[in-house]
>>> print(open('protein-v6.cif').read())   # mmCIF, C-alpha atoms and all ligand atoms
data_target
loop_
_atom_site.label_atom_id
_atom_site.label_comp_id
_atom_site.auth_asym_id
_atom_site.auth_seq_id
_atom_site.Cartn_x
_atom_site.Cartn_y
_atom_site.Cartn_z
CA MET A 612 20.81 3.40 -2.76
CA LYS A 613 18.14 2.48 -5.28
CA ILE A 614 14.34 2.11 -5.18
CA SER A 615 12.61 0.37 -8.10
CA VAL A 616 8.98 0.77 -9.03
CA ILE A 617 7.49 -1.94 -11.23
CA GLY A 618 4.50 -0.78 -13.25
CA ALA A 619 4.81 2.76 -14.58
CA GLY A 620 1.07 3.44 -14.62
CA HIS A 621 -0.83 5.88 -12.45
CA VAL A 622 0.31 4.71 -9.01
CA GLY A 623 3.82 3.65 -10.06
CA ALA A 624 4.75 6.81 -11.95
CA THR A 625 3.33 9.11 -9.29
CA ALA A 626 5.18 7.16 -6.57
CA ALA A 627 8.44 7.45 -8.53
CA GLN A 628 7.92 11.19 -8.82
CA ARG A 629 7.22 11.57 -5.08
CA ILE A 630 10.26 9.46 -4.14
CA ALA A 631 12.54 11.44 -6.45
CA GLU A 632 11.21 14.80 -5.25
CA LYS A 633 11.85 13.75 -1.65
CA GLU A 634 15.35 12.53 -2.61
CA LEU A 635 14.83 9.32 -0.64
CA VAL A 636 17.54 7.59 -2.69
CA ASN A 637 20.09 8.42 -5.42
CA GLU A 638 18.29 6.47 -8.09
CA VAL A 639 14.67 5.60 -8.84
CA VAL A 640 14.13 2.95 -11.53
CA LEU A 641 10.72 2.77 -13.20
CA VAL A 642 9.95 -0.46 -15.09
CA ASP A 643 7.01 -1.41 -17.29
CA ILE A 644 6.33 -3.90 -20.07
CA VAL A 645 5.19 -1.15 -22.42
CA GLU A 646 8.18 -0.12 -24.53
CA GLY A 647 9.25 3.49 -24.29
CA MET A 648 6.61 4.51 -21.74
CA PRO A 649 8.70 4.17 -18.53
CA GLN A 650 11.65 5.77 -20.34
CA GLY A 651 9.47 8.67 -21.48
CA LYS A 652 7.90 9.26 -18.06
CA SER A 653 11.26 9.00 -16.31
CA LEU A 654 12.94 11.42 -18.67
CA ASP A 655 10.06 13.86 -18.22
CA MET A 656 10.42 13.54 -14.41
CA TRP A 657 14.17 14.01 -14.59
CA GLU A 658 13.63 17.13 -16.68
CA SER A 659 11.55 18.51 -13.80
CA ALA A 660 14.53 18.08 -11.44
CA PRO A 661 16.19 21.42 -12.28
CA VAL A 662 12.93 23.25 -11.53
CA GLU A 663 11.95 21.24 -8.46
CA GLY A 664 15.55 21.06 -7.27
CA PHE A 665 16.09 17.35 -6.65
CA ASP A 666 19.09 15.23 -7.53
CA SER A 667 17.61 11.72 -7.42
CA ARG A 668 18.08 10.26 -10.89
CA VAL A 669 14.97 8.74 -12.44
CA VAL A 670 15.62 5.95 -14.94
CA GLY A 671 13.00 4.22 -17.10
CA SER A 672 13.45 0.67 -18.34
CA ASN A 673 11.83 -2.47 -19.73
CA SER A 674 14.51 -4.65 -18.18
CA TYR A 675 14.92 -5.94 -14.63
CA GLU A 676 18.68 -5.78 -14.97
CA ASP A 677 18.41 -2.05 -14.30
CA THR A 678 16.71 -2.77 -10.96
CA ALA A 679 19.63 -4.86 -9.67
CA GLY A 680 20.44 -4.29 -6.00
CA SER A 681 17.33 -2.28 -5.14
CA ALA A 682 16.88 -1.71 -1.40
CA VAL A 683 13.12 -1.47 -1.91
CA THR A 684 10.95 -2.55 -4.84
CA ILE A 685 7.42 -1.23 -5.08
CA ILE A 686 5.16 -3.38 -7.24
CA THR A 687 2.21 -1.71 -8.94
CA ALA A 688 2.13 -3.76 -12.14
CA GLY A 689 -1.16 -5.25 -13.23
CA LEU A 690 -4.74 -4.38 -13.90
CA ALA A 691 -6.68 -1.73 -11.99
CA ARG A 692 -10.43 -1.65 -11.33
CA LYS A 693 -12.99 -0.27 -13.71
CA PRO A 694 -16.45 0.89 -12.57
CA GLY A 695 -18.53 -2.09 -11.44
CA MET A 696 -15.47 -4.25 -10.71
CA SER A 697 -14.42 -5.30 -7.24
CA ARG A 698 -10.76 -5.62 -6.26
CA ASP A 699 -11.31 -9.39 -6.23
CA ASP A 700 -12.25 -9.43 -9.93
CA LEU A 701 -8.59 -8.75 -10.66
CA LEU A 702 -7.34 -11.89 -8.93
CA ALA A 703 -6.56 -14.36 -11.71
CA LYS A 704 -4.90 -12.00 -14.17
CA ASN A 705 -2.89 -10.14 -11.54
CA THR A 706 -1.68 -13.43 -9.98
CA GLU A 707 -0.10 -14.28 -13.34
CA ILE A 708 1.46 -10.84 -13.74
CA ILE A 709 2.72 -10.63 -10.16
CA SER A 710 4.27 -14.12 -10.25
CA ASP A 711 6.33 -13.14 -13.26
CA VAL A 712 7.27 -9.72 -11.84
CA VAL A 713 8.30 -11.11 -8.44
CA LYS A 714 10.43 -13.86 -10.00
CA ASN A 715 12.46 -11.13 -11.72
CA VAL A 716 12.55 -8.82 -8.72
CA ALA A 717 13.80 -11.58 -6.40
CA LYS A 718 16.46 -12.61 -8.91
CA HIS A 719 17.93 -9.13 -9.29
CA SER A 720 17.43 -7.79 -5.75
CA PRO A 721 17.70 -10.90 -3.57
CA ASP A 722 18.34 -8.88 -0.39
CA GLY A 723 15.72 -6.22 -1.02
CA ILE A 724 12.34 -5.46 0.44
CA ILE A 725 9.12 -5.81 -1.57
CA ILE A 726 6.14 -3.52 -1.06
CA MET A 727 3.10 -4.86 -2.90
CA VAL A 728 0.49 -2.40 -4.16
CA THR A 729 -1.35 -4.42 -6.83
CA ASN A 730 -4.88 -5.61 -5.99
CA PRO A 731 -6.33 -7.72 -4.55
CA LEU A 732 -3.67 -6.50 -2.18
CA ASP A 733 -3.61 -9.08 0.59
CA VAL A 734 -3.56 -11.92 -1.92
CA MET A 735 -0.90 -10.39 -4.18
CA ALA A 736 1.33 -9.88 -1.12
CA TYR A 737 0.94 -13.62 -0.47
CA VAL A 738 1.86 -14.40 -4.08
CA ALA A 739 4.98 -12.24 -3.66
CA LEU A 740 5.94 -14.05 -0.46
CA GLN A 741 5.56 -17.47 -2.08
CA VAL A 742 7.32 -16.66 -5.33
CA SER A 743 10.20 -14.66 -3.82
CA ASN A 744 10.84 -17.07 -0.99
CA PHE A 745 11.94 -14.03 1.05
CA PRO A 746 11.46 -13.97 4.82
CA SER A 747 8.06 -12.45 5.57
CA GLU A 748 9.65 -9.36 7.19
CA ARG A 749 10.79 -8.35 3.70
CA VAL A 750 7.43 -8.71 1.91
CA MET A 751 4.58 -6.40 2.82
CA GLY A 752 1.59 -4.66 1.30
CA MET A 753 0.39 -1.08 1.18
CA ALA A 754 -3.25 -0.45 2.04
CA GLY A 755 -3.68 0.60 5.67
CA ILE A 756 -1.92 3.94 5.26
CA LEU A 757 -4.22 4.77 2.37
CA ASP A 758 -7.35 3.63 4.18
CA THR A 759 -6.26 5.52 7.30
CA ALA A 760 -5.44 8.62 5.27
CA ARG A 761 -8.93 8.55 3.80
CA PHE A 762 -10.44 8.25 7.28
CA ARG A 763 -8.25 11.12 8.55
CA SER A 764 -9.07 13.31 5.58
CA PHE A 765 -12.82 12.85 6.14
CA VAL A 766 -12.50 13.59 9.89
CA ALA A 767 -10.61 16.80 9.05
CA LEU A 768 -13.41 17.86 6.71
CA GLU A 769 -16.07 17.07 9.30
CA LEU A 770 -14.34 18.89 12.17
CA ASN A 771 -12.73 21.58 10.02
CA VAL A 772 -9.32 20.99 11.64
CA SER A 773 -5.85 20.28 10.27
CA VAL A 774 -5.30 16.75 8.99
CA ARG A 775 -1.92 16.88 10.73
CA ASP A 776 -3.49 16.53 14.16
CA ILE A 777 -5.58 13.49 13.29
CA GLN A 778 -4.34 9.98 14.01
CA ALA A 779 -6.29 6.86 13.11
CA MET A 780 -6.01 3.11 12.74
CA VAL A 781 -7.61 0.82 10.17
CA LEU A 782 -7.06 -2.95 10.42
CA GLY A 783 -8.02 -5.90 8.25
CA GLY A 784 -8.00 -6.75 4.58
CA HIS A 785 -7.98 -4.07 1.90
CA GLY A 786 -11.58 -4.16 0.80
CA ASP A 787 -15.09 -3.44 1.93
CA THR A 788 -14.50 -5.58 5.04
CA MET A 789 -11.65 -3.39 6.33
CA VAL A 790 -11.93 -2.55 10.03
CA PRO A 791 -11.54 1.15 10.89
CA LEU A 792 -11.06 1.58 14.66
CA PRO A 793 -12.64 4.90 15.70
CA ARG A 794 -11.83 4.08 19.35
CA TYR A 795 -8.17 4.43 18.45
CA ALA A 796 -8.62 7.62 16.43
CA THR A 797 -7.60 10.87 18.09
CA VAL A 798 -7.46 14.57 17.31
CA ALA A 799 -4.32 15.91 18.98
CA GLY A 800 -4.63 13.09 21.50
CA ILE A 801 -8.36 13.67 22.17
CA PRO A 802 -10.34 10.48 21.45
CA LEU A 803 -12.52 10.94 18.36
CA PRO A 804 -15.71 9.67 20.09
CA ASP A 805 -15.40 12.68 22.46
CA LEU A 806 -15.59 15.06 19.49
CA LEU A 807 -18.03 13.47 17.03
CA SER A 808 -21.39 11.75 17.47
CA LYS A 809 -21.66 8.03 16.79
CA ASP A 810 -23.74 8.73 13.67
CA LYS A 811 -21.10 11.02 12.23
CA ILE A 812 -18.34 8.53 13.00
CA ASP A 813 -20.35 5.68 11.45
CA ALA A 814 -20.81 7.74 8.28
CA ILE A 815 -17.05 8.41 8.09
CA VAL A 816 -16.31 4.71 8.63
CA GLU A 817 -18.67 3.81 5.80
CA ARG A 818 -17.18 6.41 3.45
CA THR A 819 -13.69 5.12 4.29
CA ARG A 820 -14.71 1.53 3.50
CA LYS A 821 -16.03 2.64 0.14
CA GLY A 822 -13.31 5.27 -0.42
CA GLY A 823 -11.64 3.44 -3.31
CA GLY A 824 -14.97 2.85 -5.04
CA GLU A 825 -15.91 6.51 -4.66
CA ILE A 826 -12.83 7.52 -6.66
CA VAL A 827 -13.33 4.76 -9.28
CA GLY A 828 -16.91 5.94 -9.76
CA LEU A 829 -15.81 9.54 -10.29
CA LEU A 830 -12.83 8.80 -12.55
CA LYS A 831 -14.77 6.28 -14.66
CA SER A 832 -11.51 4.82 -15.97
CA GLY A 833 -8.81 3.67 -13.58
CA SER A 834 -8.61 3.98 -9.83
CA ALA A 835 -7.06 6.28 -7.22
CA TYR A 836 -3.39 7.12 -7.42
CA TYR A 837 -2.49 10.40 -5.69
CA ALA A 838 -3.25 9.10 -2.20
CA PRO A 839 -2.02 5.53 -2.92
CA SER A 840 1.33 6.81 -4.23
CA ALA A 841 1.72 9.08 -1.18
CA ALA A 842 1.01 6.10 1.09
CA VAL A 843 3.56 3.78 -0.51
CA THR A 844 6.15 6.57 -0.51
CA GLU A 845 5.70 6.91 3.26
CA MET A 846 6.46 3.18 3.66
CA ALA A 847 9.54 3.37 1.44
CA GLU A 848 10.76 6.41 3.37
CA ALA A 849 10.38 4.66 6.73
CA ILE A 850 12.42 1.72 5.40
CA VAL A 851 15.28 3.57 3.71
CA LYS A 852 15.61 6.02 6.62
CA ASP A 853 15.22 3.18 9.14
CA SER A 854 12.86 5.44 11.03
CA LYS A 855 10.89 2.75 12.93
CA ARG A 856 7.57 4.37 12.05
CA ILE A 857 4.43 2.68 13.35
CA LEU A 858 2.18 2.43 10.32
CA PRO A 859 -0.75 0.22 9.32
CA CYS A 860 0.53 -2.16 6.62
CA ALA A 861 -0.40 -5.58 5.27
CA ALA A 862 1.88 -8.01 7.10
CA TRP A 863 2.17 -11.80 7.15
CA LEU A 864 0.52 -12.90 10.39
CA LYS A 865 1.91 -15.75 12.47
CA GLY A 866 -0.65 -15.89 15.25
CA GLN A 867 -1.00 -12.17 15.98
CA TYR A 868 -4.64 -11.21 16.54
CA GLY A 869 -5.33 -14.95 16.63
CA LEU A 870 -4.69 -15.15 12.88
CA GLN A 871 -2.04 -16.91 10.86
CA ASP A 872 -0.87 -17.72 7.35
CA LEU A 873 -2.43 -14.71 5.70
CA TYR A 874 -1.70 -11.04 5.00
CA MET A 875 -3.81 -8.50 6.84
CA GLY A 876 -3.54 -4.83 7.70
CA VAL A 877 -2.07 -4.38 11.19
CA PRO A 878 0.11 -1.75 12.88
CA VAL A 879 3.75 -2.57 12.15
CA LYS A 880 7.13 -1.07 12.95
CA LEU A 881 8.90 -0.23 9.69
CA GLY A 882 12.66 0.07 9.49
CA LYS A 883 15.58 -1.10 7.39
CA GLY A 884 14.73 -4.73 8.19
CA GLY A 885 11.24 -4.25 6.78
CA VAL A 886 8.44 -5.28 9.13
CA GLU A 887 10.49 -5.24 12.34
CA ASP A 888 7.55 -5.80 14.65
CA ILE A 889 3.78 -6.25 14.61
CA LEU A 890 1.88 -4.40 17.32
CA GLU A 891 -1.19 -5.98 18.85
CA VAL A 892 -3.83 -3.60 20.14
CA ASP A 893 -6.72 -4.65 22.37
CA LEU A 894 -9.93 -5.23 20.46
CA ASN A 895 -13.44 -5.45 21.86
CA ASP A 896 -15.78 -8.26 20.80
CA GLU A 897 -17.32 -6.28 17.96
CA GLU A 898 -13.91 -5.31 16.54
CA LYS A 899 -12.66 -8.89 16.87
CA ALA A 900 -15.70 -10.18 15.00
CA ALA A 901 -15.17 -7.59 12.22
CA LEU A 902 -11.51 -8.63 11.91
CA GLU A 903 -12.54 -12.30 11.72
CA THR A 904 -15.00 -11.50 8.92
CA SER A 905 -12.28 -9.60 7.07
CA ALA A 906 -9.86 -12.52 7.54
CA GLY A 907 -12.51 -14.90 6.20
CA HIS A 908 -12.77 -12.79 3.08
CA VAL A 909 -9.00 -12.80 2.54
CA ARG A 910 -8.91 -16.59 3.08
CA ASP A 911 -11.67 -17.09 0.50
CA ASN A 912 -9.59 -15.20 -2.01
CA LEU A 913 -6.42 -17.10 -1.06
CA SER A 914 -8.19 -20.36 -1.82
CA LYS A 915 -8.67 -19.18 -5.41
CA VAL A 916 -4.94 -18.68 -6.00
CA SER A 917 -3.08 -21.32 -7.96
CA LEU A 918 0.65 -20.78 -8.28
O1 LIG A 1001 -4.24 0.44 -1.74
C1 LIG A 1001 -3.78 -0.15 -2.67
N1 LIG A 1001 -2.99 -1.18 -2.46
C2 LIG A 1001 -4.08 0.25 -4.06
C3 LIG A 1001 -3.94 -0.72 -5.12
C4 LIG A 1001 -4.43 1.58 -4.38
C5 LIG A 1001 -4.54 1.97 -5.69
C6 LIG A 1001 -4.32 1.07 -6.81
N2 LIG A 1001 -4.22 -0.29 -6.41
C7 LIG A 1001 -3.85 -1.28 -7.43
O2 LIG A 1001 -2.56 -0.99 -7.96
C8 LIG A 1001 -4.75 -1.32 -8.65
O3 LIG A 1001 -5.93 -2.03 -8.39
C9 LIG A 1001 -3.85 -2.04 -9.63
O4 LIG A 1001 -3.90 -3.44 -9.39
C10 LIG A 1001 -2.45 -1.51 -9.29
C11 LIG A 1001 -1.94 -0.44 -10.24
O5 LIG A 1001 -2.86 0.61 -10.33
P1 LIG A 1001 -2.65 1.78 -11.40
O6 LIG A 1001 -3.78 2.73 -11.23
O7 LIG A 1001 -1.26 2.29 -11.32
O8 LIG A 1001 -2.85 0.97 -12.76
P2 LIG A 1001 -2.33 1.36 -14.23
O9 LIG A 1001 -2.27 2.83 -14.39
O10 LIG A 1001 -3.14 0.55 -15.16
O11 LIG A 1001 -0.81 0.82 -14.25
C12 LIG A 1001 -0.48 -0.52 -14.24
C13 LIG A 1001 0.76 -0.65 -15.05
C14 LIG A 1001 0.59 -0.37 -16.55
O12 LIG A 1001 1.46 0.65 -16.97
C15 LIG A 1001 0.92 -1.70 -17.22
O13 LIG A 1001 1.55 -1.55 -18.49
C16 LIG A 1001 1.86 -2.31 -16.19
O14 LIG A 1001 1.27 -2.00 -14.94
N3 LIG A 1001 2.05 -3.74 -16.32
C17 LIG A 1001 3.25 -4.34 -16.14
N4 LIG A 1001 4.45 -3.83 -15.83
C18 LIG A 1001 5.48 -4.69 -15.72
N5 LIG A 1001 5.35 -6.02 -15.92
C19 LIG A 1001 4.15 -6.56 -16.23
N6 LIG A 1001 4.03 -7.87 -16.42
C20 LIG A 1001 3.04 -5.71 -16.36
N7 LIG A 1001 1.73 -5.90 -16.65
C21 LIG A 1001 1.13 -4.69 -16.63
#
>>> encode(input="protein-v6.cif", output="structure tokens")
Amino acid sequence: MKISVIGAGHVGATAAQRIAEKELVNEVVLVDIVEGMPQGKSLDMWESAPVEGFDSRVVGSNSYEDTAGSAVTIITAGLARKPGMSRDDLLAKNTEIISDVVKNVAKHSPDGIIIMVTNPLDVMAYVALQVSNFPSERVMGMAGILDTARFRSFVALELNVSVRDIQAMVLGGHGDTMVPLPRYATVAGIPLPDLLSKDKIDAIVERTRKGGGEIVGLLKSGSAYYAPSAAVTEMAEAIVKDSKRILPCAAWLKGQYGLQDLYMGVPVKLGKGGVEDILEVDLNDEEKAALETSAGHVRDNLSKVSL
């Protein structure tokens, strides 16, 4: 079994390394347009295999032929944010790049699953769906796991407890309008609002919303990649192991949550078929309104796409 990662930059290369170290598949193929770079990174990773003790081969390439027959393709190609830029500023250029990438991916892995990572995430997932012509179960986006992981990591810091015991849910588009749901967050099954004051929870929600920007501001060039690569690896693992994990992912909505014809972050069941189900949780009026606002933002962006 093969997983391909398109774009051998920060997120792509780190994801390839995580996938290989976990031995999710026999072969990880890392593709980029820059000549030599994916080959160099892949060879370096493969040379770590004797020390780390993994047998997944890592192959670098500038050609999609090497990706042929991938079970999962993770797409990270494109531009990342610089300080002062929003995710939406990347729209036009990344639409061009993603259209070209997806054409090649669909041609060489017609039965595979696509996980979009490139921003603006919800819109690039739509571009992938349109260009690939795949059923929507096989085209999804990574954002919710990252946003949720940020939320969970901040709760762990605040309560000084293990991150392992913290569960959380973030819905909506991947941007400042995302909708963290503290009501559905628990610490070992105990509802978060029983453990933290509203003020503290509000502060964590706000930090989560701005979590990507916080990293961009600190790094000054480029955006986050350790947590994003971990998040996309978790999705790939759920698919190749057919583990039916329930994870927040960007999925094509067909009426769920009263929304349709757009990608949004929702809890999905991930297995070998891709998005095997979309779970609908009960939302109160405030949460519904926040989700509507987020959907409005995604729709605005969709209206700017010309394919
Ligand atoms: O939550 C999320 N979904 C995200 C999204 C979290 C983190 C990063 N997010 C987005 O992923 C970010 O805004 C960017 O749009 C992508 C990739 O971020 P990364 O930090 O990995 O960017 P890099 O390091 O600049 O890498 C991009 C690579 C780089 O090596 C380019 O040469 C390559 O993409 N690239 C291409 N590869 C193949 N084919 C084409 N056409 C191409 N164009 C650029």
>>> residues_around(input="protein-v6.cif", residues="Leu740 of chain A", least_positions_apart="2", cutoff="9 Å", atoms="all atoms listed in the file", output="number ranges by chain")
A: 713, 725, 735-738, 742-747, 749-751, 863
>>> closest_residue(input="protein-v6.cif", among="A:Gln867, A:Asn895, A:Asn730, A:Asn912", to="ligand LIG 1001 (chain A)", atoms="all atoms listed in the file")
A:Asn730
>>> residues_around(input="protein-v6.cif", residues="Gln871 of chain A", least_positions_apart="6", cutoff="12 Å", atoms="only C-alpha atoms", output="MDAnalysis selection string")
chainID A and resid 862:865 903 906:907 909:910
>>> write_last_selection(input="protein-v6.cif", atoms="C-alpha atoms", output="PDB file, in the frame of the given file")
ATOM      1  CA  ALA A 862       1.880  -8.010   7.100  1.00  0.00           C
ATOM      2  CA  TRP A 863       2.170 -11.800   7.150  1.00  0.00           C
ATOM      3  CA  LEU A 864       0.520 -12.900  10.390  1.00  0.00           C
ATOM      4  CA  LYS A 865       1.910 -15.750  12.470  1.00  0.00           C
ATOM      5  CA  GLU A 903     -12.540 -12.300  11.720  1.00  0.00           C
ATOM      6  CA  ALA A 906      -9.860 -12.520   7.540  1.00  0.00           C
ATOM      7  CA  GLY A 907     -12.510 -14.900   6.200  1.00  0.00           C
ATOM      8  CA  VAL A 909      -9.000 -12.800   2.540  1.00  0.00           C
ATOM      9  CA  ARG A 910      -8.910 -16.590   3.080  1.00  0.00           C
TER      10      ARG A 910
END
>>> closest_residue(input="protein-v6.cif", among="A:Arg794, A:Arg761, A:Lys883, A:Arg856", to="Lys821 of chain A", atoms="all atoms listed in the file")
A:Arg761
>>> residues_around(input="protein-v6.cif", residues="Ser905 of chain A", least_positions_apart="5", cutoff="12 Å", atoms="only C-alpha atoms", output="PDB file with C-alpha atoms, in the frame of the given file")
ATOM      1  CA  ASP A 733      -3.610  -9.080   0.590  1.00  0.00           C
ATOM      2  CA  VAL A 781      -7.610   0.820  10.170  1.00  0.00           C
ATOM      3  CA  LEU A 782      -7.060  -2.950  10.420  1.00  0.00           C
ATOM      4  CA  GLY A 783      -8.020  -5.900   8.250  1.00  0.00           C
ATOM      5  CA  GLY A 784      -8.000  -6.750   4.580  1.00  0.00           C
ATOM      6  CA  HIS A 785      -7.980  -4.070   1.900  1.00  0.00           C
ATOM      7  CA  GLY A 786     -11.580  -4.160   0.800  1.00  0.00           C
ATOM      8  CA  ASP A 787     -15.090  -3.440   1.930  1.00  0.00           C
ATOM      9  CA  THR A 788     -14.500  -5.580   5.040  1.00  0.00           C
ATOM     10  CA  MET A 789     -11.650  -3.390   6.330  1.00  0.00           C
ATOM     11  CA  VAL A 790     -11.930  -2.550  10.030  1.00  0.00           C
ATOM     12  CA  PRO A 791     -11.540   1.150  10.890  1.00  0.00           C
ATOM     13  CA  ARG A 820     -14.710   1.530   3.500  1.00  0.00           C
ATOM     14  CA  LEU A 870      -4.690 -15.150  12.880  1.00  0.00           C
ATOM     15  CA  LEU A 873      -2.430 -14.710   5.700  1.00  0.00           C
ATOM     16  CA  TYR A 874      -1.700 -11.040   5.000  1.00  0.00           C
ATOM     17  CA  MET A 875      -3.810  -8.500   6.840  1.00  0.00           C
ATOM     18  CA  GLY A 876      -3.540  -4.830   7.700  1.00  0.00           C
ATOM     19  CA  GLU A 898     -13.910  -5.310  16.540  1.00  0.00           C
ATOM     20  CA  LYS A 899     -12.660  -8.890  16.870  1.00  0.00           C
ATOM     21  CA  ALA A 900     -15.700 -10.180  15.000  1.00  0.00           C
ATOM     22  CA  ARG A 910      -8.910 -16.590   3.080  1.00  0.00           C
ATOM     23  CA  ASP A 911     -11.670 -17.090   0.500  1.00  0.00           C
ATOM     24  CA  ASN A 912      -9.590 -15.200  -2.010  1.00  0.00           C
TER      25      ASN A 912
END
>>> closest_residue(input="protein-v6.cif", among="A:Ala626, A:Ala814, A:Ala835, A:Val616", to="ligand LIG 1001 (chain A)", atoms="all atoms listed in the file")
A:Ala835
>>> residues_near_ligand(input="protein-v6.cif", ligand="ligand LIG 1001 (chain A)", cutoff="7 Å", atoms="all atoms listed in the file", output="CSV table (one decimal) with C-alpha atoms, in the frame of the given file")
chain,number,residue,atom,x,y,z
A,617,ILE,CA,7.5,-1.9,-11.2
A,618,GLY,CA,4.5,-0.8,-13.2
A,619,ALA,CA,4.8,2.8,-14.6
A,620,GLY,CA,1.1,3.4,-14.6
A,621,HIS,CA,-0.8,5.9,-12.4
A,622,VAL,CA,0.3,4.7,-9.0
A,623,GLY,CA,3.8,3.6,-10.1
A,642,VAL,CA,10.0,-0.5,-15.1
A,643,ASP,CA,7.0,-1.4,-17.3
A,644,ILE,CA,6.3,-3.9,-20.1
A,645,VAL,CA,5.2,-1.2,-22.4
A,687,THR,CA,2.2,-1.7,-8.9
A,688,ALA,CA,2.1,-3.8,-12.1
A,689,GLY,CA,-1.2,-5.2,-13.2
A,690,LEU,CA,-4.7,-4.4,-13.9
A,691,ALA,CA,-6.7,-1.7,-12.0
A,692,ARG,CA,-10.4,-1.6,-11.3
A,698,ARG,CA,-10.8,-5.6,-6.3
A,708,ILE,CA,1.5,-10.8,-13.7
A,709,ILE,CA,2.7,-10.6,-10.2
A,711,ASP,CA,6.3,-13.1,-13.3
A,712,VAL,CA,7.3,-9.7,-11.8
A,728,VAL,CA,0.5,-2.4,-4.2
A,729,THR,CA,-1.4,-4.4,-6.8
A,730,ASN,CA,-4.9,-5.6,-6.0
A,731,PRO,CA,-6.3,-7.7,-4.6
A,732,LEU,CA,-3.7,-6.5,-2.2
A,752,GLY,CA,1.6,-4.7,1.3
A,753,MET,CA,0.4,-1.1,1.2
A,754,ALA,CA,-3.2,-0.4,2.0
A,757,LEU,CA,-4.2,4.8,2.4
A,785,HIS,CA,-8.0,-4.1,1.9
A,833,GLY,CA,-8.8,3.7,-13.6
A,834,SER,CA,-8.6,4.0,-9.8
A,835,ALA,CA,-7.1,6.3,-7.2
A,836,TYR,CA,-3.4,7.1,-7.4
A,839,PRO,CA,-2.0,5.5,-2.9
>>> residues_near_point(input="protein-v6.cif", point="(3.8, -21.6, -9.9)", cutoff="8 Å", atoms="only C-alpha atoms", output="list in words")
Ser710, Val742, Ser917 and Leu918 of chain A
>>> axis_aligned_box(input="protein-v6.cif", around="segment 672-679 of chain A", padding_each_side="3 Å", output="AutoDock Vina command-line options")
--center_x 15.7 --center_y -2.6 --center_z -14.7 --size_x 13.8 --size_y 12.6 --size_z 16.1
>>> atom_distance(input="protein-v6.cif", atom1="atom CA of Leu768 of chain A", atom2="atom CA of Ser840 of chain A")
21.4 Å
>>> atom_distance(input="protein-v6.cif", atom1="atom CA of Gly828 of chain A", atom2="atom CA of Thr759 of chain A")
20.1 Å
>>> residues_near_point(input="protein-v6.cif", point="(-2.5, 13.0, 21.5)", cutoff="9 Å", atoms="only C-alpha atoms", output="list of chain:residue names")
A:Asp776, A:Ile777, A:Gln778, A:Thr797, A:Val798, A:Ala799, A:Gly800, A:Ile801, A:Pro802
>>> decode(input="protein-v6.cif", residues="segment 829-837 of chain A", atoms="N, CA, C and O atoms", output="mmCIF file, in the first residue's frame")
data_model
loop_
_atom_site.group_PDB
_atom_site.id
_atom_site.type_symbol
_atom_site.label_atom_id
_atom_site.label_comp_id
_atom_site.auth_asym_id
_atom_site.auth_seq_id
_atom_site.Cartn_x
_atom_site.Cartn_y
_atom_site.Cartn_z
ATOM 1 N N LEU A 829 4.953 34.103 15.424
ATOM 2 C CA LEU A 829 6.204 33.734 16.092
ATOM 3 C C LEU A 829 7.272 33.303 15.092
ATOM 4 O O LEU A 829 8.440 33.666 15.204
ATOM 5 N N LEU A 830 6.847 32.517 14.087
ATOM 6 C CA LEU A 830 7.835 31.985 13.130
ATOM 7 C C LEU A 830 8.372 33.070 12.193
ATOM 8 O O LEU A 830 9.488 32.977 11.699
ATOM 9 N N LYS A 831 7.490 34.017 11.885
ATOM 10 C CA LYS A 831 7.808 35.139 10.973
ATOM 11 C C LYS A 831 7.960 34.711 9.512
ATOM 12 O O LYS A 831 7.764 35.499 8.611
ATOM 13 N N SER A 832 8.362 33.483 9.236
ATOM 14 C CA SER A 832 8.279 33.037 7.839
ATOM 15 C C SER A 832 7.678 31.638 7.879
ATOM 16 O O SER A 832 8.148 30.782 8.629
ATOM 17 N N GLY A 833 6.607 31.452 7.093
ATOM 18 C CA GLY A 833 5.944 30.151 7.075
ATOM 19 C C GLY A 833 4.940 30.002 8.198
ATOM 20 O O GLY A 833 4.805 30.882 9.058
ATOM 21 N N SER A 834 4.216 28.890 8.158
ATOM 22 C CA SER A 834 3.173 28.667 9.162
ATOM 23 C C SER A 834 3.407 27.323 9.849
ATOM 24 O O SER A 834 4.386 26.634 9.583
ATOM 25 N N ALA A 835 2.469 26.971 10.729
ATOM 26 C CA ALA A 835 2.631 25.776 11.572
ATOM 27 C C ALA A 835 2.792 24.509 10.748
ATOM 28 O O ALA A 835 2.222 24.404 9.658
ATOM 29 N N TYR A 836 3.561 23.568 11.257
ATOM 30 C CA TYR A 836 3.645 22.282 10.554
ATOM 31 C C TYR A 836 3.777 21.057 11.446
ATOM 32 O O TYR A 836 3.384 19.977 11.035
ATOM 33 N N TYR A 837 4.259 21.181 12.661
ATOM 34 C CA TYR A 837 4.329 19.982 13.509
ATOM 35 C C TYR A 837 2.918 19.464 13.825
ATOM 36 O O TYR A 837 2.626 18.281 13.622
#
